[in-house]
file final-v3.cif (mmCIF, C-alpha atoms)
data_query
#
loop_
_atom_site.label_atom_id
_atom_site.label_comp_id
_atom_site.auth_asym_id
_atom_site.auth_seq_id
_atom_site.Cartn_x
_atom_site.Cartn_y
_atom_site.Cartn_z
CA MET F 1 0.00 0.00 0.00
CA LYS F 2 2.83 2.29 0.90
CA ILE F 3 4.60 1.51 -2.35
CA LEU F 4 1.42 2.16 -4.29
CA SER F 5 0.96 5.58 -2.74
CA LEU F 6 4.61 6.31 -3.44
CA ILE F 7 4.16 5.40 -7.10
CA CYS F 8 1.05 7.57 -7.32
CA ARG F 9 2.92 10.43 -5.77
CA THR F 10 5.82 10.24 -8.24
CA ARG F 11 3.37 10.04 -11.08
CA ASP F 12 1.51 13.14 -9.93
CA LEU F 13 4.80 14.87 -9.43
CA ARG F 14 5.92 14.13 -12.98
CA LYS F 15 2.63 15.37 -14.29
CA GLN F 16 2.90 18.60 -12.34
CA MET F 17 6.49 19.10 -13.39
CA GLU F 18 5.56 18.74 -17.01
CA GLN F 19 2.79 21.26 -16.54
CA SER F 20 5.28 23.70 -15.06
CA ARG F 21 7.45 23.53 -18.15
CA SER F 22 5.85 26.47 -19.94
CA LYS F 23 5.97 28.60 -16.79
CA LEU F 24 9.62 27.80 -16.25
CA TYR F 25 10.35 28.52 -19.87
CA ARG F 26 8.62 31.88 -19.74
CA VAL F 27 10.63 32.97 -16.72
CA ALA F 28 13.89 31.53 -18.09
CA TYR F 29 13.27 33.47 -21.27
CA SER F 30 12.55 36.66 -19.38
CA TRP F 31 15.89 36.27 -17.58
CA SER F 32 18.02 35.37 -20.57
CA HIS F 33 16.10 36.69 -23.59
CA ASP F 34 17.56 33.79 -25.51
CA ALA F 35 15.15 31.07 -26.59
CA ALA F 36 17.71 28.30 -26.99
CA LEU F 37 19.38 29.02 -23.67
CA ALA F 38 16.02 29.25 -21.91
CA ASP F 39 15.02 25.90 -23.33
CA ASP F 40 18.26 24.31 -22.15
CA LEU F 41 17.84 25.80 -18.70
CA VAL F 42 14.33 24.39 -18.39
CA GLN F 43 15.46 20.99 -19.63
CA GLU F 44 18.27 20.96 -17.10
CA THR F 45 15.95 22.16 -14.33
CA LEU F 46 13.45 19.38 -14.98
CA SER F 47 16.10 16.71 -15.23
CA ARG F 48 17.66 17.85 -11.92
CA ALA F 49 14.21 17.98 -10.37
CA LEU F 50 13.49 14.43 -11.50
CA LYS F 51 16.80 13.22 -10.17
CA ASN F 52 16.23 14.85 -6.79
CA ALA F 53 12.49 14.35 -6.54
CA ASP F 54 12.92 12.65 -3.17
CA GLN F 55 14.30 15.88 -1.68
CA LEU F 56 10.95 17.56 -2.09
CA ARG F 57 9.24 16.98 1.24
CA ASP F 58 6.04 18.91 0.67
CA PRO F 59 4.46 18.58 -2.81
CA GLU F 60 2.69 21.89 -2.19
CA LEU F 61 6.03 23.61 -2.54
CA LEU F 62 6.80 22.06 -5.92
CA ASN F 63 6.48 25.30 -7.82
CA SER F 64 8.86 27.39 -5.77
CA TRP F 65 11.22 24.42 -5.52
CA LEU F 66 11.36 24.19 -9.33
CA PHE F 67 12.07 27.89 -9.63
CA ARG F 68 14.82 27.60 -7.05
CA ILE F 69 16.43 24.91 -9.19
CA LEU F 70 16.01 27.13 -12.24
CA ASN F 71 17.85 29.89 -10.42
CA ASN F 72 20.67 27.45 -9.56
CA CYS F 73 20.90 26.28 -13.17
CA TRP F 74 21.02 29.88 -14.32
CA HIS F 75 23.94 30.61 -11.98
CA ASP F 76 25.69 27.38 -13.00
CA HIS F 77 25.38 28.39 -16.60
CA PHE F 78 27.31 31.58 -15.95
CA ARG F 79 29.84 29.76 -13.85
CA GLN F 80 30.51 27.35 -16.71
CA HIS F 81 30.83 30.13 -19.24
CA ARG F 82 32.99 32.38 -17.15
CA VAL F 83 35.79 32.35 -19.69
CA MET F 84 33.50 33.26 -22.53
CA GLU F 85 31.29 35.90 -21.03
CA ASP F 86 31.31 37.58 -17.70
CA ILE F 87 27.90 38.60 -16.55
CA ASP F 88 29.27 41.83 -15.07
CA ASP F 89 30.81 42.69 -18.41
CA VAL F 90 27.50 42.12 -20.10
CA GLU F 91 25.77 44.31 -17.58
CA ASP F 92 28.48 46.96 -17.87
CA TYR F 93 28.27 46.92 -21.62
CA ARG F 94 24.56 47.39 -21.41
CA CYS F 95 24.96 50.32 -19.07
CA VAL F 96 27.54 52.05 -21.23
CA ASN F 97 25.82 51.31 -24.53
CA PRO F 98 22.12 51.63 -24.02
CA THR F 99 21.50 50.72 -27.64
CA THR F 100 22.96 47.44 -28.83
CA PRO F 101 22.10 46.25 -32.35
CA GLU F 102 19.49 43.94 -30.84
CA ASP F 103 17.87 46.89 -29.18
CA MET F 104 17.61 48.81 -32.43
CA HIS F 105 15.82 45.86 -33.92
CA ALA F 106 13.42 45.60 -31.00
CA ARG F 107 12.10 49.10 -31.11
CA ASN F 108 8.96 48.70 -33.13
CA GLN F 109 6.56 46.67 -31.09
CA ILE F 110 5.27 47.18 -27.60
CA VAL F 111 6.10 43.62 -26.65
CA ASP F 112 9.63 44.02 -27.89
CA ARG F 113 9.96 47.35 -26.15
CA VAL F 114 8.92 45.91 -22.82
CA ARG F 115 11.18 42.88 -23.24
CA ASP F 116 13.99 45.17 -24.20
CA ALA F 117 13.42 47.31 -21.11
CA VAL F 118 13.26 44.24 -18.87
CA SER F 119 16.44 42.85 -20.40
CA ARG F 120 18.27 46.05 -19.48
CA LEU F 121 17.37 45.81 -15.82
CA PRO F 122 20.16 44.58 -13.56
CA LEU F 123 19.92 40.83 -13.19
CA GLY F 124 18.80 40.81 -9.56
CA GLN F 125 15.95 43.24 -10.23
CA ARG F 126 14.96 41.38 -13.38
CA GLN F 127 14.64 38.09 -11.51
CA VAL F 128 12.47 39.54 -8.76
CA LEU F 129 10.25 41.44 -11.18
CA THR F 130 9.57 38.47 -13.45
CA LEU F 131 8.88 36.06 -10.60
CA VAL F 132 6.36 38.46 -9.10
CA ASP F 133 4.75 39.64 -12.33
CA LEU F 134 4.78 36.53 -14.46
CA GLU F 135 4.33 33.82 -11.88
CA GLU F 136 2.57 35.77 -9.14
CA PHE F 137 4.80 34.48 -6.41
CA SER F 138 4.40 36.21 -3.06
CA TYR F 139 7.34 38.30 -1.82
CA ALA F 140 8.11 35.65 0.77
CA GLU F 141 8.22 32.92 -1.88
CA VAL F 142 10.52 34.99 -4.10
CA ALA F 143 12.79 35.55 -1.10
CA GLY F 144 12.94 31.76 -0.67
CA ILE F 145 13.58 31.03 -4.34
CA LEU F 146 16.39 33.54 -4.74
CA ALA F 147 17.73 33.13 -1.20
CA LEU F 148 17.36 36.84 -0.39
CA PRO F 149 15.99 38.73 2.61
CA ALA F 150 12.37 39.83 2.12
CA GLY F 151 13.34 43.50 2.39
CA THR F 152 15.75 43.14 -0.54
CA VAL F 153 12.99 41.59 -2.64
CA MET F 154 10.77 44.58 -1.98
CA SER F 155 13.41 47.19 -2.68
CA ARG F 156 14.61 45.45 -5.85
CA LEU F 157 11.07 45.19 -7.11
CA CYS F 158 10.50 48.83 -6.39
CA ARG F 159 13.66 49.90 -8.20
CA ALA F 160 12.91 47.58 -11.10
CA ARG F 161 9.48 49.08 -11.64
CA ARG F 162 10.80 52.61 -11.34
CA ALA F 163 13.53 51.91 -13.92
CA LEU F 164 11.06 50.16 -16.18
CA LYS F 165 8.69 53.08 -16.01
CA ASP F 166 11.45 55.48 -16.94
CA SER F 167 12.83 53.45 -19.80
CA LEU F 168 9.38 52.82 -21.25
CA GLN F 169 8.69 56.51 -21.08
CA GLU F 170 11.91 57.21 -22.92
CA LEU F 171 10.89 54.81 -25.61
CA ALA F 172 7.44 56.28 -26.01
CA PRO F 173 7.02 58.38 -29.11
CA PRO F 174 7.95 61.98 -28.38
CA GLN F 175 5.09 64.35 -27.90
CA PRO F 176 4.48 66.43 -30.99
CA ALA F 177 6.27 69.70 -30.59
CA GLN F 178 4.30 72.84 -30.13
CA ILE F 179 3.43 74.07 -33.56
CA THR F 180 3.96 77.73 -33.93
CA GLN F 181 1.22 79.24 -35.90
CA ILE F 182 2.48 81.48 -38.63
CA ARG F 183 0.70 84.69 -38.59
CA ARG F 184 0.85 87.33 -41.12
CA VAL F 185 1.91 90.60 -39.70
CA LYS F 186 1.10 93.59 -41.67
CA MET H 1 -1.14 65.65 -1.88
CA LYS H 2 0.22 65.48 1.64
CA GLN H 3 -0.82 61.84 1.95
CA ASP H 4 0.82 61.04 -1.36
CA GLN H 5 4.22 61.78 0.10
CA THR H 6 3.68 59.57 3.14
CA ILE H 7 2.84 56.56 0.98
CA SER H 8 5.99 54.84 -0.19
CA ASP H 9 6.44 53.14 -3.52
CA GLU H 10 7.11 49.91 -1.62
CA PHE H 11 3.67 50.15 -0.05
CA LEU H 12 1.96 50.74 -3.38
CA ASN H 13 3.87 47.91 -5.02
CA ALA H 14 2.81 45.58 -2.23
CA PHE H 15 -0.74 46.81 -2.72
CA ILE H 16 -0.90 46.00 -6.43
CA ASP H 17 0.82 42.66 -5.86
CA ASP H 18 -1.73 41.82 -3.18
CA GLN H 19 0.91 41.46 -0.48
CA LEU H 20 -0.71 43.60 2.22
CA ASP H 21 -2.54 42.16 5.17
CA PRO H 22 -6.30 42.86 5.28
CA ALA H 23 -6.00 45.83 7.66
CA GLU H 24 -3.33 47.53 5.58
CA LYS H 25 -5.26 46.79 2.45
CA SER H 26 -8.43 48.49 3.60
CA ARG H 27 -6.36 51.46 4.71
CA ALA H 28 -4.77 51.56 1.28
CA PHE H 29 -8.17 51.47 -0.39
CA GLU H 30 -9.35 54.40 1.70
CA LEU H 31 -6.28 56.47 1.00
CA ILE H 32 -6.35 55.76 -2.72
CA GLU H 33 -10.03 56.56 -2.92
CA GLN H 34 -9.40 60.03 -1.53
CA ASP H 35 -6.33 60.97 -3.46
CA GLU H 36 -6.26 61.42 -7.23
CA SER H 37 -2.49 61.43 -7.52
CA LEU H 38 -2.26 58.17 -5.56
CA LYS H 39 -4.86 56.71 -7.86
CA ALA H 40 -2.72 57.69 -10.82
CA ARG H 41 0.37 56.07 -9.29
CA VAL H 42 -1.54 52.85 -8.65
CA CYS H 43 -2.88 52.85 -12.19
CA GLU H 44 0.57 53.36 -13.57
CA LEU H 45 2.01 50.49 -11.55
CA ARG H 46 -0.85 48.20 -12.53
CA GLY H 47 -0.34 49.14 -16.17
CA LEU H 48 3.35 48.36 -15.88
CA LYS H 49 2.65 44.97 -14.36
CA ALA H 50 0.11 44.19 -17.07
CA ARG H 51 2.58 45.19 -19.78
CA VAL H 52 5.29 42.93 -18.39
CA ARG H 53 2.84 40.03 -18.23
CA HIS H 54 1.70 40.73 -21.75
CA ALA H 55 5.26 40.89 -23.07
CA TYR H 56 5.98 37.32 -21.97
CA LEU H 57 2.64 35.75 -22.74
CA ASN H 58 4.05 34.00 -25.79
CA PRO H 59 7.82 33.88 -25.52
CA PRO H 60 9.49 32.77 -28.77
CA GLN H 61 10.03 29.02 -28.86
CA PRO H 62 13.51 27.69 -29.54
CA ALA H 63 14.27 26.19 -32.93
CA ARG H 64 14.97 22.71 -31.65
CA ALA H 65 16.97 21.38 -34.56
CA ALA H 66 19.35 24.32 -34.56
CA THR H 67 19.72 24.45 -30.80
CA LYS H 68 23.33 24.32 -29.79
CA SER H 69 23.11 22.87 -26.37
CA TRP H 70 25.44 23.91 -23.57
CA LEU H 71 24.75 20.49 -22.12
CA SER H 72 26.92 17.72 -23.43
CA GLY H 73 25.59 15.56 -26.25
CA ALA H 74 25.08 12.53 -24.08
CA LEU H 75 23.20 14.57 -21.56
CA SER H 76 20.84 16.05 -24.09
CA ARG H 77 19.91 12.59 -25.22
CA GLN H 78 19.12 11.80 -21.64
CA ALA H 79 17.17 14.99 -21.44
CA LEU H 80 15.22 14.00 -24.52
CA ALA H 81 14.34 10.69 -22.96
CA ALA H 82 13.49 12.41 -19.69
CA SER H 83 11.19 14.88 -21.35
CA LEU H 84 9.49 12.06 -23.18
CA PHE H 85 9.05 10.19 -19.97
CA LEU H 86 7.54 13.25 -18.38
CA ALA H 87 5.09 13.60 -21.20
CA LEU H 88 3.65 10.22 -20.32
CA GLY H 89 2.02 11.63 -17.22
CA SER H 90 -0.58 13.43 -19.16
CA VAL H 91 -1.46 14.50 -22.63
CA SER H 92 -2.11 17.98 -21.36
CA GLY H 93 1.51 18.80 -20.69
CA TRP H 94 2.26 18.13 -24.30
CA PHE H 95 1.25 21.56 -25.53
CA ALA H 96 4.26 23.15 -24.01
CA HIS H 97 6.44 21.08 -26.32
CA ASN H 98 7.13 22.34 -29.75
CA TRP H 99 8.33 19.39 -31.75
CA THR H 100 6.80 20.87 -34.85
CA GLY H 101 8.20 20.10 -38.22
CA TYR H 102 5.26 18.95 -40.23
CA GLY H 103 2.12 20.81 -41.18
CA SER H 104 -0.06 18.06 -39.86
CA ASP H 105 1.27 18.68 -36.36
CA ARG H 106 -0.81 21.80 -36.10
CA GLU H 107 -3.83 19.73 -36.97
CA VAL H 108 -2.98 17.18 -34.28
CA MET H 109 -2.52 19.98 -31.77
CA ARG H 110 -5.95 21.37 -32.62
CA LEU H 111 -7.46 17.93 -32.15
CA LEU H 112 -5.75 17.42 -28.84
CA GLN H 113 -7.06 20.74 -27.67
CA ALA H 114 -10.58 19.75 -28.70
CA VAL H 115 -10.24 16.48 -26.84
CA GLN H 116 -8.99 18.29 -23.78
CA ARG H 117 -11.82 20.78 -23.87
CA ASN H 118 -14.30 17.95 -23.89
CA ASP H 119 -12.51 16.49 -20.91
CA ILE H 120 -12.08 13.08 -22.38
CA GLY H 121 -9.44 11.59 -20.15
CA GLY H 122 -6.82 9.49 -21.93
CA ASP H 123 -6.88 5.83 -21.01
CA PRO H 124 -3.49 5.14 -19.40
CA ARG H 125 -3.53 1.62 -20.77
CA LYS H 126 -3.70 2.69 -24.41
CA LEU H 127 -0.99 4.83 -25.86
CA MET H 128 0.14 5.88 -29.31
CA ILE H 129 3.68 6.91 -29.97
CA HIS H 130 3.94 9.13 -33.01
CA VAL H 131 7.26 9.29 -34.89
CA GLY H 132 7.48 11.91 -37.61
CA ASN H 133 11.21 12.30 -37.89
CA SER H 134 13.96 10.06 -39.23
CA ASN H 135 16.51 11.13 -36.61
CA PRO H 136 17.89 7.77 -35.34
CA VAL H 137 17.92 9.05 -31.75
CA ARG H 138 14.21 9.74 -31.96
CA LEU H 139 13.52 6.38 -33.59
CA ALA H 140 15.46 4.60 -30.86
CA THR H 141 13.72 6.63 -28.17
CA ALA H 142 10.33 5.60 -29.56
CA LEU H 143 11.29 1.94 -29.39
CA ASP H 144 12.86 2.29 -25.94
CA GLU H 145 9.72 3.93 -24.63
CA ALA H 146 7.42 1.34 -26.16
CA GLU H 147 9.54 -1.46 -24.77
CA ASN H 148 9.78 0.06 -21.28
CA LEU H 149 6.04 0.62 -21.12
CA LEU H 150 5.18 -2.87 -22.30
CA ALA H 151 7.73 -4.50 -20.04
CA SER H 152 6.61 -2.64 -16.93
CA ALA H 153 2.95 -3.32 -17.74
CA ARG H 154 3.71 -7.00 -18.15
CA HIS H 155 5.66 -7.01 -14.92
CA ALA H 156 2.75 -5.39 -13.07
CA LYS H 157 0.30 -7.67 -14.88
CA ARG H 158 -1.54 -4.66 -16.28
CA PRO H 159 -3.08 -4.73 -19.74
CA MET H 160 -1.30 -2.27 -22.02
CA GLN H 161 -1.77 -1.50 -25.68
CA VAL H 162 0.88 0.48 -27.53
CA GLU H 163 0.70 1.62 -31.12
CA ILE H 164 3.63 3.17 -32.94
CA ILE H 165 2.41 5.46 -35.72
CA ALA H 166 5.01 6.59 -38.23
CA ASN H 167 4.76 9.23 -40.90
CA GLY H 168 7.05 11.59 -42.80
CA GLY H 169 10.70 10.79 -42.10
CA GLY H 170 9.61 8.55 -39.23
CA LEU H 171 8.32 6.02 -41.74
CA ASP H 172 11.92 4.81 -42.06
CA LEU H 173 11.41 3.03 -38.77
CA LEU H 174 8.86 0.69 -40.32
CA ARG H 175 10.47 0.22 -43.74
CA ALA H 176 11.94 -3.23 -44.25
CA ASP H 177 14.53 -1.77 -46.60
CA ALA H 178 15.48 1.29 -44.54
CA SER H 179 14.78 0.62 -40.88
CA PRO H 180 17.90 0.68 -38.72
CA TYR H 181 16.02 -1.36 -36.11
CA ALA H 182 14.22 -3.98 -38.24
CA ARG H 183 15.51 -6.94 -36.25
CA ARG H 184 14.72 -5.32 -32.92
CA ILE H 185 11.17 -4.50 -34.00
CA VAL H 186 10.55 -8.06 -35.16
CA SER H 187 11.75 -9.46 -31.84
CA MET H 188 9.66 -6.92 -29.93
CA ARG H 189 6.63 -7.94 -31.92
CA GLU H 190 7.21 -11.57 -31.02
CA LYS H 191 7.62 -10.74 -27.36
CA TYR H 192 4.69 -8.34 -27.08
CA PRO H 193 1.61 -9.18 -29.14
CA ASN H 194 -0.05 -5.98 -27.86
CA LEU H 195 2.33 -3.76 -29.82
CA ASP H 196 0.92 -2.44 -33.09
CA LEU H 197 2.75 -0.73 -35.89
CA THR H 198 0.95 1.62 -38.24
CA ALA H 199 2.38 3.38 -41.24
CA CYS H 200 0.92 6.52 -42.77
CA GLY H 201 -0.67 5.64 -46.12
CA GLN H 202 -0.22 9.17 -47.31
CA THR H 203 3.54 9.06 -46.80
CA VAL H 204 3.75 5.66 -48.50
CA ARG H 205 1.83 7.01 -51.49
CA ASN H 206 4.00 10.10 -51.68
CA LEU H 207 7.16 8.00 -51.66
CA ARG H 208 5.81 5.64 -54.31
CA ALA H 209 4.81 8.61 -56.46
CA LYS H 210 8.44 9.67 -56.33
CA GLY H 211 9.43 6.23 -57.58
CA VAL H 212 10.73 4.94 -54.22
CA GLU H 213 9.95 1.30 -53.63
CA VAL H 214 8.49 1.00 -50.15
CA ARG H 215 8.50 -2.35 -48.41
CA LEU H 216 7.12 -2.34 -44.88
CA LEU H 217 8.03 -4.71 -42.08
CA PRO H 218 5.78 -7.75 -41.75
CA ASP H 219 2.46 -7.17 -39.94
CA THR H 220 2.62 -3.40 -40.29
CA GLY H 221 -0.79 -1.84 -40.67
CA VAL H 222 -1.33 0.98 -43.14
CA ALA H 223 -3.78 3.72 -42.19
CA SER H 224 -5.21 6.07 -44.81
CA SER H 225 -3.09 8.73 -43.14
CA ALA H 226 -1.34 9.17 -39.81
CA LEU H 227 -3.65 12.02 -38.99
CA ASP H 228 -6.76 9.86 -39.52
CA GLU H 229 -5.36 7.15 -37.32
CA ILE H 230 -4.46 9.59 -34.55
CA THR H 231 -7.89 11.21 -34.74
CA LEU H 232 -9.58 7.86 -34.48
CA ARG H 233 -7.47 6.77 -31.53
CA LEU H 234 -7.94 10.04 -29.71
CA LYS H 235 -11.68 9.66 -30.06
CA GLN H 236 -11.35 6.17 -28.65
CA GLY H 237 -9.63 7.65 -25.61
CA TRP H 238 -6.02 6.75 -26.37
CA GLY H 239 -3.17 8.74 -24.94
CA TYR H 240 -0.75 10.41 -27.32
CA ILE H 241 2.92 11.20 -27.25
CA LYS H 242 5.10 12.49 -29.99
CA VAL H 243 8.75 11.63 -30.25
#
call {"tool": "encode", "arguments": {"input": "final-v3.cif", "output": "structure tokens"}}
result
Amino acid sequence: MKILSLICRTRDLRKQMEQSRSKLYRVAYSWSHDAALADDLVQETLSRALKNADQLRDPELLNSWLFRILNNCWHDHFRQHRVMEDIDDVEDYRCVNPTTPEDMHARNQIVDRVRDAVSRLPLGQRQVLTLVDLEEFSYAEVAGILALPAGTVMSRLCRARRALKDSLQELAPPQPAQITQIRRVK
Amino acid sequence: MKQDQTISDEFLNAFIDDQLDPAEKSRAFELIEQDESLKARVCELRGLKARVRHAYLNPPQPARAATKSWLSGALSRQALAASLFLALGSVSGWFAHNWTGYGSDREVMRLLQAVQRNDIGGDPRKLMIHVGNSNPVRLATALDEAENLLASARHAKRPMQVEIIANGGGLDLLRADASPYARRIVSMREKYPNLDLTACGQTVRNLRAKGVEVRLLPDTGVASSALDEITLRLKQGWGYIKV
């Protein structure tokens, strides 16, 4: 009987994990803005989750557990690619050059504009913002996933939204300039 | 205006994210009700949140074939098998996958959605495995999966019916003259009488029209098309996975 319930539990777990795939992908994409990398990260997250399924004590916490693994995979990815690209360099480059060629390309649509603005947020702020906005995690859950104090989550979120507001305003079409009426003066 | 300054951005963010406790929330409602500029700030934050959500509603899907994985090759094969295994849990999780490559896939997707809407639960004892790609890894994965399922069902003394449906490049699996696994399939058939093989008639016709001689493995059924067969099986309550 015990074995049966265990089998049922693993089965449910697999089912739930598979259902989380699109959520994980969305967040991984919002962190990396690279479809192939996001896909790899999700694949790696799910395979680690499967391997360590027995570490999950409370199935209720599956979702935040999966996102915690995603965060670890994301950090591992940068650790592995340290020689090739340093995340600080990328961030620095973005700060110094607000318009990369990709940005120029992404100007036309609202969706692209927002993604572009999100991608220019510092990594820590980007992670908090997307977990709260896309997955509706509570601040406490985000603190658990990213291993941060709750206060940091709140302040990062606040700064992220402020920066986002500013950069989206910058991108908005400029207000038409005041047209000076030409009057004939006799 | 005075109140506006006392309300921090953190507080408003927590308000729109529904992170305040009930007492704070009702206080926030009162304050916002009275103050136009606060109302504007809340609206702006809500709009921002909605825009972020909207921007990632449909993130671009990776082009699977061209994906250069940062995982090692061996690992990605494992990952492929793992993802396939995961898909067994339920048909519903399948939508997140994007193994597209053939036009008919869209049709299958539409059908699956219809089936899901009508809440017809897949029978876990009946499963089709659809192969539409001649990639040997995929072909092998299809056979591995079929064999694992049948073996574990036999071990648990559960009835299990598996049907491998091949179309497009996947037809190679069932071609006597082209299948890399002909001998394995024949021995699997002998071992498990509840394994069916079905070839897509449409693909066979197309190949013959091109002058390719198609010889199928013994006891392979030919459906009018893979799509017809899948439709029929879905209606009969079969589960579906695509390799």
call {"tool": "resolve_selection", "arguments": {"input": "final-v3.cif", "expression": "the PyMOL selection byres ((chain H and resi 179) around 12)", "output": "list in words"}}
result
Ser134, Asn135, Pro136, Leu139, Ala140, Ala166, Gly169, Gly170, Leu171, Asp172, Leu173, Leu174, Arg175, Ala176, Asp177, Ala178, Pro180, Tyr181, Ala182, Arg183, Arg184, Ile185, Val186, Val214, Arg215, Leu216 and Leu217 of chain H
call {"tool": "resolve_selection", "arguments": {"input": "final-v3.cif", "expression": "the PyMOL selection byres ((chain F and resi 32) around 12)", "output": "count of residues only"}}
result
37
call {"tool": "interface_residues", "arguments": {"input": "final-v3.cif", "of": "chain F", "to": "chain H", "cutoff": "7 Å", "atoms": "only C-alpha atoms", "output": "list in words"}}
result
Arg11, Arg14, Lys15, Glu18, Gln19, Arg21, Ser22, Arg26, Tyr29, Ala35, Ala36, Asp39, Asp40, Gln43, Ser47, Val111, Val114, Arg115, Asp133, Leu134, Ser138, Met154, Ser155 and Cys158 of chain F
call {"tool": "atom_distance", "arguments": {"input": "final-v3.cif", "atom1": "CA of Cys43 in chain H", "atom2": "CA of Ala117 in chain F"}}
result
19.4 Å
call {"tool": "residues_around", "arguments": {"input": "final-v3.cif", "residues": "Pro159 in chain H", "least_positions_apart": "5", "cutoff": "8 Å", "atoms": "only C-alpha atoms", "output": "count of residues only"}}
result
3
call {"tool": "resolve_selection", "arguments": {"input": "final-v3.cif", "expression": "the PyMOL selection byres ((chain H and resi 163) around 12)", "output": "number ranges by chain"}}
result
H: 125-131, 142-143, 145-147, 149-150, 160-162, 164-166, 189, 192-199, 220-221, 226, 229-230, 233, 238-242
call {"tool": "atom_distance", "arguments": {"input": "final-v3.cif", "atom1": "CA of Pro22 in chain H", "atom2": "CA of Ala150 in chain F"}}
result
19.2 Å
call {"tool": "atom_distance", "arguments": {"input": "final-v3.cif", "atom1": "CA of Ala156 in chain H", "atom2": "CA of Lys51 in chain F"}}
result
23.5 Å
call {"tool": "residues_around", "arguments": {"input": "final-v3.cif", "residues": "Glu141 in chain F", "least_positions_apart": "5", "cutoff": "12 Å", "atoms": "all atoms listed in the file", "output": "ChimeraX atom specification"}}
result
/F:61-68,128,131-132,135-136,146-150,153-154 /H:19
call {"tool": "closest_residue", "arguments": {"input": "final-v3.cif", "among": "F:Arg113, F:Phe137, F:Arg162, F:Arg48", "to": "Cys73 in chain F", "atoms": "all atoms listed in the file"}}
result
F:Arg48
call {"tool": "decode", "arguments": {"input": "final-v3.cif", "residues": "range 24-41 of chain H", "atoms": "C-alpha atoms", "output": "mmCIF file, in the first residue's frame"}}
result
data_model
loop_
_atom_site.group_PDB
_atom_site.id
_atom_site.type_symbol
_atom_site.label_atom_id
_atom_site.label_comp_id
_atom_site.auth_asym_id
_atom_site.auth_seq_id
_atom_site.Cartn_x
_atom_site.Cartn_y
_atom_site.Cartn_z
ATOM 1 C CA GLU H 24 -3.327 47.530 5.576
ATOM 2 C CA LYS H 25 -5.256 46.788 2.449
ATOM 3 C CA SER H 26 -8.429 48.486 3.602
ATOM 4 C CA ARG H 27 -6.358 51.457 4.715
ATOM 5 C CA ALA H 28 -4.769 51.560 1.279
ATOM 6 C CA PHE H 29 -8.173 51.467 -0.393
ATOM 7 C CA GLU H 30 -9.352 54.396 1.704
ATOM 8 C CA LEU H 31 -6.281 56.470 1.004
ATOM 9 C CA ILE H 32 -6.354 55.760 -2.723
ATOM 10 C CA GLU H 33 -10.034 56.561 -2.917
ATOM 11 C CA GLN H 34 -9.397 60.032 -1.526
ATOM 12 C CA ASP H 35 -6.332 60.974 -3.463
ATOM 13 C CA GLU H 36 -6.256 61.418 -7.230
ATOM 14 C CA SER H 37 -2.491 61.433 -7.516
ATOM 15 C CA LEU H 38 -2.262 58.173 -5.558
ATOM 16 C CA LYS H 39 -4.859 56.712 -7.865
ATOM 17 C CA ALA H 40 -2.720 57.691 -10.821
ATOM 18 C CA ARG H 41 0.375 56.067 -9.289
#
